[in-house]
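The structure appears right after this line, and notes come after that.
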Amino acid sequence: MPGVLTSSVGVISLLDEPQPELQVYALQTLDELVDQFWAEIANSVSKIEILYEDEGFSHRELAALVASKVYYHLGELNESLTFALGAGKLLDLDRQNEFTETIIAKCIDEYVSRRSDGGKIDSKLESIVESMFQRCFDAKEYKQAIGIALESRRLDVLEKAITIECKASLMEYVLDVCMTLVQNLEFRNQILHLLVRLFGSLEKPDYISVGQCYVHLDDAKSCADMLQLLLDKNMEIEAYQVAFDLEDNAKQDFLHRVIKHLGLDVEESTSTSAMQEDGKPGESAATKAEGSRSDTTAQSTTNESKPAASSTTSEATSGIGDDVKKSTTDGAEQMNVDEAESKEQPDKKDASAGQPSEKPQTKSLRDATPSQKIKTILSGDLSIQLHLEFLQRNNHSDMLILKNVKNHVDARNSIHHSALTFANAFMYAGTKSVEFLHDSLDWLFRVTNWSKFSTTAALGVIHKGNLSQSLTVLGPYLPKNGVSNTPYSEGGALFALGLIHANHGSGVLNYLRDALKNVETTQNDVIQHGACLGIGVAGMATADENMYEELKMVLHTDSAIAGEAAGIGMGLVMLGSASQVALADMLQYAHETQHEKIIRGLAVGMSLIMYGREEEADTLIEQLTLDKDPILRYGGIFTVAMAYAGTGNNKAIKRLLHFAVSDVNDDVRRASVMSLGFLLFSTPERVPRTVELLAESYNPHVRYGATLALGIACGGTGMQEALDLLEPMAKDPVDYVRQGTLIAMAMILVQQNEVTSPKVVSVRRQYERVLQDKHEDHMARFGAILATGILDAGGRNVTLSLRTSSGHPKMSAIVGMALFTQHWYWYPLTHLLCLAFTPTALIGLNKNLEAPQFEFVSHARPSLFAYPPPTKPPTSIVVEKVATAVLSTTAKVRARAKKSEKEKGGPEQMEVDDAKKPADDKKDETKKKTHKEAQSETLQNMSRVLPAQIKHVMFPDSCRYVPVKRQTSGILMLHDRRPEEEEKIIDFNGPKNNNTTLSTSGGNQSGRNSREDQADEFALALE
């Protein structure tokens, strides 16, 4: 039996022999022993290298292979790869061992690196990568080949992998990976062009995905041509679905260009045309609303027999509480102006009856041409109307929560007052319900100055999307003929008008611009502030040069209040345009002015201009982050967040982490950590791991940034890892860190119940404890109040998401979230969080763009995605009577009395026990029958479908309708399987869910009327 080899020294000595045969034998033996004796061989690796470099040596490849293995064991992978490439055919890539796999991975990494840098690629290295591609094709591992091709930017290999499989699912995978992982913008556009061609070559072309590609390529002409092609092929339903997806993903400017290429004019919405239809040229809508309101007040005085003095006072008062009372009718959404208009126009429903006015778009679309329907869809009016209808029908807001908050806060404290205003706005966002404001008129009368501004602007959040009645709703508060009586209410109303028309401002932009010009004569900073914010939000991403110049004129007045809003408005109007002219103007003025508020507004505005530009923004980022002014460095950090939003770019993440730990300014460090949430929201599972150490920083600003980074990226996910990280931070010794923690928890737990996320119950109790503790800091209580509204936002029918239903970054949501974070400096910007609210609805439409009645199935337990139970009102405590104590002596006396009575021969009395004994059958009555919960539920059209519920939704075979696209969420166009049968259409003018929980604690109608009378008297006393 041969002995075991304990050393390779003898074999290594053969390398010194002059005979080539002995050297070859030594190399062959060392190749077998290298894994065991690599440490000894490493001392003589230079001898092996000499043999490899000797061109006269016949077995150079064998020497290279042995040297490669030695360097592999030494951990010198670059040297190992160099010799492995020299091994040629002796490097067997099919062998399954650690060395081969490491070398292959190193080859691919080196190949990707050289392809990215444009360096020269060795032919041997390329041959190895090509062999790997072929191996993937032979094994039908197409996704692996696609991954290598995307990293190495091999468009030819990518096309080959897709065409071999030729499946729509594989193309959708490439599209998703392209938009989330490919970081080079130029190569990404090349992939999108390839996908457009491949999607069109399918047996059933995927026009929906092609439309998404055109949006990212900013190719409005090709997009319009595709829509026209679908109409020419009589594929109207597919064209409508593509149009809905375009409206959900594209910017205003892109949609306007598509409409123009289709040969349709971009007209103003019905609200503007209705405003100017009968009015004189130049007459403002607020003036007409005021006239209608006066007529309505006179009619209501006659019909309701109200005192004349009260009527006059109601008309003349400027207090916001009285305006709210006048602007709505008995707990419903419409103003008294609607009542007057309904009497003049019989085709409108009576608003005082709690019914919304008939939607003119729905009526006109029945006979509209397909082109007109596409124009209506692209304008955004129809989708906004449908979401508004959904939010009204399914409103599950809990009024009692707000009332409990109101009872625990001090109305005289402006911070608490503003927080409750924001919470009410978020809780009723898009529902048009102002019942809480109705029941809190006495509380509203206490608002002053900027609190009044925020309270008026809250109406824009509550009525968000109510495009057709925006000017009517806000008429009492808007500036009238350039005369300013209540600037805070008027400025807030202009901001509210922009919020209602957010990202769809074609109907009110002219009015807002006129209001800004009229205000310029009065030079009122507050009204200018509201007008600039309104123009920016309504004209988002329009790149309108005229609007930009008008805002710049306000900026040059050098007013701190108006200038800050002008800087933000300029950024919103030029959103994503990368306009070098605008950047130069704003940067120059930021260096010239002395107002920190203006500098901060310009810094944030410049970051918005670079939204989505990625590498194109690097020059500006470098310029701002190296500036000596910390506010401009702050703007540079937000430029990183906006330019690389949702990309997960490693270079950008490294930059943010560098500033988070090295900058000398706390604001810059806080913004750096916070911006990580914007970069990583497409992969939220990475965020807790990224900010874990930052959450334990000694700097409270860094800890605060970590909390909001988790809230931004993990919003609506209910992610347990994020909650575990936030839970100990709720007890942080610094008040604003606790504030950020409470807000972030609410963002993460939006639309979660105790089944999907058991922690939601304890979080709600934590909010109550913070509010009830009067010794708690104001900042922490502000966070608890705000979080209460976010947790139940939109009547519990919206989620907080920075992505569209198709998974791509949502521009308006990202911008709204970025501006919401500026509430650290300026509370009114808190309202902009509503731009990140996304209705979680399934809305099906037929070919006439009407909502038919149908049912679909959710194959999940009903309790899994059910609404949280309503808050129970406090019950009256009933004091139970305690049994009378019986002394032992008394019992003995009674026993002797009974005994003597019995001895005397008296009638025997039945013994009755003092304590009642439960009957045996009572146990049977108290037994509850346990029913097994159903494993599925049937839902109706326009029902709430949560993001986690989408995968469980199915249209049964018996259903009359089938959706055009596979993803069963959002607005779906439906194919009718039985077109010969009569359809049942949902009546949008039917009754809505107006928050029935109010009836348990809201009092009766007479009580409300008495409160209105008291409000009138109070308004008279103010005057």
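By order of appearance in the structure tokens: chains A, B, ..., then residues from 1 within every chain, and ligands from 1 in the order shown.
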
Exercise for the section: Give me the residues within 12 Å of segment 622-628 of chain A as an NGL selection string, counting only C-alpha atoms and dropping any in the same chain fewer than 3 places off. Expected result: :A and (583-584 or 587-588 or 590-591 or 602-604 or 606-607 or 615-619 or 631-640 or 652 or 655-656 or 658-659 or 663-665 or 668-669 or 672)

Exercise for the section: Name the residues in contact with Gly648 of chain A at a cut-off of 10 Å, using only C-alpha atoms, excluding same-chain residues fewer than 5 positions from it; report them as a list in words. Expected result: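 That gives Thr180, Leu181, Val182, Gln183, Ile653, Leu676, Gly677, Phe678, Leu679, Leu680, Phe681, Ser682, Thr683 and Arg686 of chain A.
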
Handout entry: Which of segment 781-839 of chain A DSSP labels strand (DSSP E), written as a PyMOL selection string
Key = chain A and resi 798-800+837-839

Writer output for current selection, C-alpha atoms, as an mmCIF file, in the first residue's frame:
data_model
loop_
_atom_site.group_PDB
_atom_site.id
_atom_site.type_symbol
_atom_site.label_atom_id
_atom_site.label_comp_id
_atom_site.auth_asym_id
_atom_site.auth_seq_id
_atom_site.Cartn_x
_atom_site.Cartn_y
_atom_site.Cartn_z
ATOM 1 C CA VAL A 798 -55.640 55.336 -0.224
ATOM 2 C CA THR A 799 -52.133 54.061 0.254
ATOM 3 C CA LEU A 800 -48.883 55.947 0.474
ATOM 4 C CA PHE A 837 -51.911 59.305 -1.806
ATOM 5 C CA THR A 838 -52.919 56.647 -4.325
ATOM 6 C CA PRO A 839 -56.500 55.273 -4.318
#

Practice task
Have a look at A:Leu175, A:Leu192, A:Ala457, A:Ile843 and name the one nearest to Leu972 of chain A; count only C-alpha atoms.
Solution key: A:Ile843

Practice task
Can you pull out every residue within 10 Å of Gly505 of chain A, counting only C-alpha atoms, but drop anything in the same chain fewer than 6 positions away, and send it as a list of chain:residue names?
Solution key: A:Gln252, A:Glu268, A:Ser269, A:Ser379, A:Leu467, A:Leu497, A:Gly498, A:Leu499, A:Leu512, A:Gly534, A:Ile535, A:Gly536, A:Val537, A:Ala538, A:Gly539, A:Met540, A:Thr542

Problem - segment 140-145 of chain A environment, 12 Å, only C-alpha atoms, sequence neighbours closer than 3 positions dropped, as an NGL selection string - result: :A and (108 or 129-137 or 148-167 or 169-174 or 177)

Could you write those residues out with C-alpha atoms, as a PDB file, in the first residue's frame?
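Below is the file that was written, selection05.pdb:
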ATOM      1  CA  ILE A 108     -17.841  38.357 -16.012  1.00  0.00           C
ATOM      2  CA  VAL A 129     -17.992  35.207 -21.643  1.00  0.00           C
ATOM      3  CA  GLU A 130     -19.353  34.085 -25.029  1.00  0.00           C
ATOM      4  CA  SER A 131     -19.082  30.469 -23.927  1.00  0.00           C
ATOM      5  CA  MET A 132     -21.064  31.362 -20.811  1.00  0.00           C
ATOM      6  CA  PHE A 133     -23.805  32.934 -22.947  1.00  0.00           C
ATOM      7  CA  GLN A 134     -23.962  29.795 -25.057  1.00  0.00           C
ATOM      8  CA  ARG A 135     -24.139  27.599 -21.977  1.00  0.00           C
ATOM      9  CA  CYS A 136     -27.125  29.650 -20.738  1.00  0.00           C
ATOM     10  CA  PHE A 137     -28.872  29.264 -24.093  1.00  0.00           C
ATOM     11  CA  ILE A 148     -25.208  39.179 -17.877  1.00  0.00           C
ATOM     12  CA  ALA A 149     -26.181  40.961 -21.100  1.00  0.00           C
ATOM     13  CA  LEU A 150     -27.724  43.876 -19.216  1.00  0.00           C
ATOM     14  CA  GLU A 151     -24.692  44.279 -16.980  1.00  0.00           C
ATOM     15  CA  SER A 152     -22.250  44.014 -19.879  1.00  0.00           C
ATOM     16  CA  ARG A 153     -24.432  46.171 -22.177  1.00  0.00           C
ATOM     17  CA  ARG A 154     -24.667  43.486 -24.873  1.00  0.00           C
ATOM     18  CA  LEU A 155     -27.792  44.479 -26.734  1.00  0.00           C
ATOM     19  CA  ASP A 156     -27.278  41.739 -29.348  1.00  0.00           C
ATOM     20  CA  VAL A 157     -27.241  38.990 -26.729  1.00  0.00           C
ATOM     21  CA  LEU A 158     -30.263  40.521 -25.026  1.00  0.00           C
ATOM     22  CA  GLU A 159     -32.232  40.473 -28.270  1.00  0.00           C
ATOM     23  CA  LYS A 160     -31.163  36.896 -28.988  1.00  0.00           C
ATOM     24  CA  ALA A 161     -32.264  35.703 -25.544  1.00  0.00           C
ATOM     25  CA  ILE A 162     -35.670  37.355 -25.905  1.00  0.00           C
ATOM     26  CA  THR A 163     -36.329  36.213 -29.482  1.00  0.00           C
ATOM     27  CA  ILE A 164     -35.427  32.578 -28.717  1.00  0.00           C
ATOM     28  CA  GLU A 165     -38.009  32.412 -25.937  1.00  0.00           C
ATOM     29  CA  CYS A 166     -40.343  34.999 -27.529  1.00  0.00           C
ATOM     30  CA  LYS A 167     -42.686  35.274 -24.547  1.00  0.00           C
ATOM     31  CA  SER A 169     -43.638  37.503 -19.743  1.00  0.00           C
ATOM     32  CA  LEU A 170     -39.904  37.518 -20.469  1.00  0.00           C
ATOM     33  CA  MET A 171     -40.180  40.910 -22.160  1.00  0.00           C
ATOM     34  CA  GLU A 172     -42.055  42.301 -19.168  1.00  0.00           C
ATOM     35  CA  TYR A 173     -39.282  40.947 -16.945  1.00  0.00           C
ATOM     36  CA  VAL A 174     -36.701  42.770 -19.057  1.00  0.00           C
ATOM     37  CA  VAL A 177     -35.289  45.015 -14.676  1.00  0.00           C
TER      38      VAL A 177
END

Problem - Residues within 9 Å of segment 748-758 of chain A, only C-alpha atoms, excluding chain neighbours under 2 positions, as a PyMOL selection string - result: chain A and resi 710-720+722-723+743-746+760-762+790-793+796-800+863-869+946

All residues 10 Å or closer to Leu388 of chain A, only C-alpha atoms, same chain fewer than 6 positions away omitted, as a compact mmCIF listing (two decimals) with N, CA and C atoms, in the first residue's frame:
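Result file is out_0.txt:
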# COMPACT_ATOMS: atom_id res chain seq x y z
N LEU A 382 -61.30 62.22 -16.48
CA LEU A 382 -62.11 61.04 -16.23
C LEU A 382 -61.55 60.20 -15.08
N ALA A 429 -59.09 63.26 2.69
CA ALA A 429 -58.54 63.65 1.39
C ALA A 429 -59.34 63.03 0.25
N GLY A 430 -59.84 63.87 -0.63
CA GLY A 430 -60.57 63.41 -1.80
C GLY A 430 -62.00 62.99 -1.56
N THR A 431 -62.49 63.06 -0.32
CA THR A 431 -63.84 62.59 -0.03
C THR A 431 -64.88 63.71 -0.11
N LYS A 432 -64.44 64.96 -0.15
CA LYS A 432 -65.33 66.13 -0.17
C LYS A 432 -66.18 66.25 1.08
N HIS A 463 -61.07 68.41 -1.06
CA HIS A 463 -61.75 68.42 -2.36
C HIS A 463 -60.81 68.09 -3.50
N LYS A 464 -59.67 67.48 -3.22
CA LYS A 464 -58.70 67.18 -4.27
C LYS A 464 -59.35 66.35 -5.38
N GLY A 465 -59.23 66.82 -6.60
CA GLY A 465 -59.83 66.16 -7.74
C GLY A 465 -61.21 66.63 -8.09
N ASN A 466 -61.80 67.50 -7.29
CA ASN A 466 -63.15 68.03 -7.58
C ASN A 466 -63.00 69.18 -8.57
N LEU A 467 -62.60 68.84 -9.79
CA LEU A 467 -62.22 69.85 -10.77
C LEU A 467 -63.39 70.72 -11.20
N PRO A 839 -55.30 56.08 -4.61
CA PRO A 839 -56.50 55.27 -4.32
C PRO A 839 -56.27 53.81 -4.67

Exercise for the section: Skip Glu850 of chain A itself and residues of its chain fewer than 5 positions away, then list as a list in words all residues within 12 Å of it, counting only C-alpha atoms. Expected result: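 Surrounding residues, per the criterion: Lys359, Gln361, Thr362, Lys363, Ser364, Leu365, Arg366, Asp367, Lys373, Leu382, Ser383, Gln385, Leu386, Ile843, Gly844, Leu845, Asn941, Met942, Ile971, Leu972, Met973, Leu974, Glu983, Lys984, Ile985, Ile986, Asp987 and Phe988 of chain A.
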
Problem - Residue list (alpha helix (DSSP H), DSSP) for segment 625-717 of chain A, as an NGL selection string - result: :A and (625 or 630-643 or 650-662 or 666-679 or 687-691 or 700-713)

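Take the candidates A:Pro18, A:Arg95, A:Asp206, A:Thr871 and check each one against His396 of chain A using only C-alpha atoms; the shortest distance goes to A:Thr871.
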